[in-house]
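Worksheet for the structure shown next.
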Amino acid sequence: MFTAAGFEKTFEYIQLFKEGLICTVALSLFTVIFGFIFALVLSTMRLSDIRPFRFLAIDKEGRELEDGFPAMLGRFNPISFIATVYVEVFRATPMLVQLFIMYYVVLADVQFPEIKILGFIRADRFIPGVVALSMNSAAYLSEIIRAGIQSIDGGQTEAARSLGLSQFETMRYIILPQAIKNILPPIANEFVTIIKESSICYTIGVQEIMYAVSATKGATYRIAEPLVVATVVYFCLTFPTSKIIAYCERRMRRGDKR
Amino acid sequence: METRGDVLISVRDLQKYYNKGAIRALDGISVDINRGDVMVVIGPSGSGKSTFLRSLNLLEHPTGGNIIFDGVDITKKKIKDAFGNWKKLDIDLHRQKMGMVFQHFNLFPHMTILDNITLAPIKVKGIKKEEAEELALKLLDRVGLKGRANDYPIQLSGGQKQRVAIVRALAMEPEVMLFDEPTSALDPEMVGEVLDVIKELAKDGMTMVVVTHEMGFAREVGNRVLFMADGKLLEQGTPEEVFEHPHNPRLQDFLSKVL
Ligand SMILES: Nc1ncnc2c1ncn2[C@@H]1O[C@H](COP(=O)(O)OP(=O)(O)OP(=O)(O)O)[C@@H](O)[C@H]1O
Ligand SMILES: [Mg+2]
């Protein structure tokens, strides 16, 4: 299965693995950054209070109706609805399908500049990969953000609103500063997940770690040894990362008590 | 200028239903709260006391009825202004004038005591930071907590937290203070220090609505006592009338259990 000669041959292509490592890290970083920004937009949409048909649910005296069809219409928030549909669809379909739709359908006709990021990463493969991964992780990240916000005791909102703070001010000064402590650790964990899931981008030719495996296999006719190397590289990437996250999380918890 | 004794909040046939009317938390409450009143609300658990109090600043949106505060019906989403034009009712504006104190304090744990108190005056009223802090320290001094201004809520005892919560509400200089069982979550030895603060406020003429199970306090400080049961206002009067000469059998039964 494994031979010393096989490892020797594999190590001749170690440069490919180094590049793969850099590419994987870049892919994951871009994904978590864009994914987070997009997730913020999604969770803002989901928590928004935009009700264009509200006027239908107000009676002659100016009171808001509570029951019946007009009341339902009055409560309808199209912005939140769109965001919810997005999140559900992206969480309910396979990453590979999303990636292929992005690469072969949505971005098929887009002409990407023929540049090589960091000297070797092909932009025309890398960018669709980042877009697909970001759109997918945004769905998960927005759920993390939403859960973090909803975990804050309702009494906080009541206290803030009773002081006359608006819904926005309550979010900005009371809820978000507290929620961020609950949000950051799972987001960091999502980063570890992204590192692993980004390997799927090898299927559209992004030169990340699995791409290095495939290229080495083509050149050496060995598969076991390149896979071992890839495993070690992934492990060295994710294991320390999760340990650091866990450490920071413990530190933050302690800071909480003040 | 309005004076003590004028109607500040007029509640008309207030209703709050849950589950499409299956639960009637408030079932037609009508009462006038006058300037300078210390109105104490008593009644068995589940009688709708909290719902009543929370409806007054619209933390609960009533199903029916009216709440006229400073001449404006705040249960409406839209109101007619002086020129007969419809405009949106700004509930934040009215909430500023009603201070609320909760059973569980609800201090903001990520802020110092001082920031807890000055946040709303600065952000909502637009008062300068120095001015807001000066007022906050003055109020903190009144409740004996000036030295704790830079501490965080977690460092305070329950009684201290509740005193800070009262100061936080007072810093907005409200026209009325609403208390929902302010001492129920406290250890017995801390109840007194919080009640003392409320008594001081009563002496200063602050208009207050207090939901409480402290009957001694109700009798001593309240000038009006409301008795609620099943979402209805069953009896009201002076403490003397309600405690010494109760008419309603439900009230007689309730008093025999709590006194
Ligand atoms: N969100 C809700 N959904 C359904 N029912 C509710 C809700 N909030 C309150 N109720 C019901 O309304 C009634 C009145 O509740 P409320 O909290 O006002 O009583 P209370 O007099 O404050 O009681 P306590 O002395 O225990 O605080 C209760 O029967 C309660 O179960
Ligand atoms: Mg209650």
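If you're wondering about the labels, chains in the structure tokens are A, B, ... by order shown, residues count from 1 in each chain, ligands from 1 in order shown.
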> Taking only C-alpha atoms into account, which residues of chain B are within 9 Å of chain A, as an MDAnalysis selection string?
Replying inline: chainID B and resid 20 57:59 63:64 75:79 91:102 104:110 119:121 123:125 152 154:155 168:169 172
> Gly28 of chain B: which residues within 8 Å, counting only C-alpha atoms, same-chain residues fewer than 5 positions away excluded, as an NGL selection string?
Replying inline: :B and (12-15 or 65 or 231-232)
Those same residues - N, CA and C atoms - I'd like them written as a PDB file, in the first residue's frame.
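As written to disk, again.pdb reads:
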ATOM      1  N   ARG B  12     -59.283  53.136  29.295  1.00  0.00           N
ATOM      2  CA  ARG B  12     -60.700  52.923  28.979  1.00  0.00           C
ATOM      3  C   ARG B  12     -60.916  51.515  28.432  1.00  0.00           C
ATOM      4  N   ASP B  13     -61.655  50.708  29.175  1.00  0.00           N
ATOM      5  CA  ASP B  13     -62.109  49.396  28.709  1.00  0.00           C
ATOM      6  C   ASP B  13     -60.970  48.582  28.067  1.00  0.00           C
ATOM      7  N   LEU B  14     -59.845  48.542  28.742  1.00  0.00           N
ATOM      8  CA  LEU B  14     -58.651  47.897  28.181  1.00  0.00           C
ATOM      9  C   LEU B  14     -58.806  46.382  28.164  1.00  0.00           C
ATOM     10  N   GLN B  15     -58.520  45.800  26.998  1.00  0.00           N
ATOM     11  CA  GLN B  15     -58.594  44.340  26.856  1.00  0.00           C
ATOM     12  C   GLN B  15     -57.303  43.796  26.282  1.00  0.00           C
ATOM     13  N   GLY B  65     -59.730  48.675  23.552  1.00  0.00           N
ATOM     14  CA  GLY B  65     -59.734  49.712  24.575  1.00  0.00           C
ATOM     15  C   GLY B  65     -58.744  50.816  24.252  1.00  0.00           C
ATOM     16  N   GLY B 231     -58.390  39.233  35.185  1.00  0.00           N
ATOM     17  CA  GLY B 231     -58.350  40.276  34.177  1.00  0.00           C
ATOM     18  C   GLY B 231     -59.330  41.414  34.405  1.00  0.00           C
ATOM     19  N   LYS B 232     -60.023  41.379  35.539  1.00  0.00           N
ATOM     20  CA  LYS B 232     -60.993  42.452  35.818  1.00  0.00           C
ATOM     21  C   LYS B 232     -60.571  43.245  37.046  1.00  0.00           C
TER      22      LYS B 232
END
>> Around ligand 1, out to 6 Å and counting only C-alpha atoms and all ligand atoms, which residues are there? I want them as a list in words.
In response: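 Those residues are Tyr18, Ala25, Pro44, Ser45, Gly46, Ser47, Gly48, Lys49, Ser50 and Thr51 of chain B.
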>> Would you pick out the contacts of segment 93-98 of chain A at 12 Å or less, using only C-alpha atoms, so that residues sharing its chain but fewer than 5 positions from it are not included, and give the list as a ChimeraX atom specification?
In response: /A:86-88,103-107,128-137,139,194,197-204
With N, CA, C and O atoms retained, write the just-selected residues as a short mmCIF file (atom, residue, chain, number, x, y, z; two decimals), in the first residue's frame.
data_model
loop_
_atom_site.label_atom_id
_atom_site.label_comp_id
_atom_site.auth_asym_id
_atom_site.auth_seq_id
_atom_site.Cartn_x
_atom_site.Cartn_y
_atom_site.Cartn_z
N TYR A 86 -33.96 31.92 0.91
CA TYR A 86 -32.55 31.74 0.54
C TYR A 86 -31.85 30.78 1.50
O TYR A 86 -31.22 29.81 1.10
N VAL A 87 -31.99 31.07 2.79
CA VAL A 87 -31.30 30.26 3.81
C VAL A 87 -31.76 28.80 3.73
O VAL A 87 -30.94 27.87 3.72
N GLU A 88 -33.07 28.60 3.62
CA GLU A 88 -33.58 27.22 3.59
C GLU A 88 -33.10 26.48 2.36
O GLU A 88 -32.71 25.31 2.44
N TYR A 103 -20.58 27.45 -11.18
CA TYR A 103 -19.45 27.44 -12.13
C TYR A 103 -19.90 27.19 -13.56
O TYR A 103 -19.49 27.89 -14.48
N TYR A 104 -20.80 26.20 -13.74
CA TYR A 104 -21.17 25.81 -15.11
C TYR A 104 -22.38 26.55 -15.66
O TYR A 104 -22.61 26.54 -16.85
N VAL A 105 -23.17 27.17 -14.76
CA VAL A 105 -24.38 27.84 -15.25
C VAL A 105 -24.31 29.35 -15.02
O VAL A 105 -24.20 30.13 -15.96
N VAL A 106 -24.34 29.74 -13.75
CA VAL A 106 -24.47 31.16 -13.44
C VAL A 106 -23.29 31.98 -13.96
O VAL A 106 -23.45 33.00 -14.62
N LEU A 107 -22.07 31.49 -13.68
CA LEU A 107 -20.88 32.27 -14.06
C LEU A 107 -20.23 31.73 -15.34
O LEU A 107 -19.11 32.11 -15.67
N PRO A 128 -15.15 31.80 -8.86
CA PRO A 128 -16.42 31.05 -8.72
C PRO A 128 -16.44 30.17 -7.48
O PRO A 128 -17.49 30.03 -6.83
N GLY A 129 -15.29 29.61 -7.13
CA GLY A 129 -15.21 28.79 -5.92
C GLY A 129 -15.54 29.60 -4.67
O GLY A 129 -16.34 29.18 -3.84
N VAL A 130 -14.92 30.79 -4.57
CA VAL A 130 -15.19 31.66 -3.41
C VAL A 130 -16.66 32.06 -3.38
O VAL A 130 -17.30 32.03 -2.32
N VAL A 131 -17.20 32.42 -4.56
CA VAL A 131 -18.59 32.85 -4.61
C VAL A 131 -19.51 31.74 -4.12
O VAL A 131 -20.37 31.95 -3.24
N ALA A 132 -19.32 30.52 -4.64
CA ALA A 132 -20.21 29.42 -4.27
C ALA A 132 -20.06 29.08 -2.78
O ALA A 132 -21.06 28.91 -2.07
N LEU A 133 -18.82 29.00 -2.32
CA LEU A 133 -18.60 28.68 -0.90
C LEU A 133 -19.18 29.77 0.00
O LEU A 133 -19.80 29.47 1.02
N SER A 134 -18.99 31.03 -0.37
CA SER A 134 -19.49 32.14 0.46
C SER A 134 -21.00 32.11 0.53
O SER A 134 -21.58 32.33 1.60
N MET A 135 -21.63 31.89 -0.62
CA MET A 135 -23.09 31.89 -0.63
C MET A 135 -23.63 30.77 0.23
O MET A 135 -24.65 30.92 0.89
N ASN A 136 -22.93 29.63 0.20
CA ASN A 136 -23.37 28.51 1.03
C ASN A 136 -23.14 28.80 2.51
O ASN A 136 -24.04 28.63 3.33
N SER A 137 -21.94 29.27 2.85
CA SER A 137 -21.68 29.44 4.28
C SER A 137 -22.46 30.63 4.83
O SER A 137 -22.77 30.67 6.03
N ALA A 139 -25.51 31.18 4.40
CA ALA A 139 -26.77 30.63 4.90
C ALA A 139 -26.59 30.10 6.32
O ALA A 139 -27.41 30.35 7.20
N ILE A 194 -15.26 25.27 6.87
CA ILE A 194 -15.02 25.76 5.51
C ILE A 194 -13.68 25.24 4.98
O ILE A 194 -13.57 24.87 3.82
N GLU A 197 -14.44 21.83 3.85
CA GLU A 197 -15.38 21.75 2.73
C GLU A 197 -14.82 22.36 1.46
O GLU A 197 -15.26 22.02 0.37
N SER A 198 -13.83 23.25 1.61
CA SER A 198 -13.29 23.91 0.42
C SER A 198 -12.63 22.90 -0.51
O SER A 198 -12.39 23.19 -1.68
N SER A 199 -12.34 21.69 0.01
CA SER A 199 -11.70 20.68 -0.83
C SER A 199 -12.57 20.33 -2.03
O SER A 199 -12.07 19.87 -3.06
N ILE A 200 -13.87 20.61 -1.89
CA ILE A 200 -14.80 20.30 -2.98
C ILE A 200 -14.47 21.13 -4.23
O ILE A 200 -14.78 20.74 -5.35
N CYS A 201 -13.80 22.26 -4.05
CA CYS A 201 -13.49 23.15 -5.16
C CYS A 201 -12.48 22.54 -6.14
O CYS A 201 -12.26 23.05 -7.23
N TYR A 202 -11.87 21.46 -5.71
CA TYR A 202 -10.95 20.76 -6.61
C TYR A 202 -11.70 20.29 -7.85
O TYR A 202 -11.14 20.22 -8.95
N THR A 203 -13.02 20.01 -7.71
CA THR A 203 -13.82 19.53 -8.84
C THR A 203 -13.97 20.56 -9.94
O THR A 203 -14.29 20.21 -11.07
N ILE A 204 -13.76 21.83 -9.65
CA ILE A 204 -13.80 22.83 -10.74
C ILE A 204 -12.41 23.37 -11.02
O ILE A 204 -12.25 24.40 -11.66
#
>> Show me, as a list in words, the residues that have an atom within 8 Å of segment 214-226 of chain A when counting only C-alpha atoms, minus same-chain residues fewer than 2 positions from it.
In response: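 The residues that qualify are Met1, Phe2, Thr3, Gly6, Phe7, Lys9, Thr10, Tyr13, Leu16, Met210, Tyr211, Ala212, Val228, Val229 and Ala230 of chain A.
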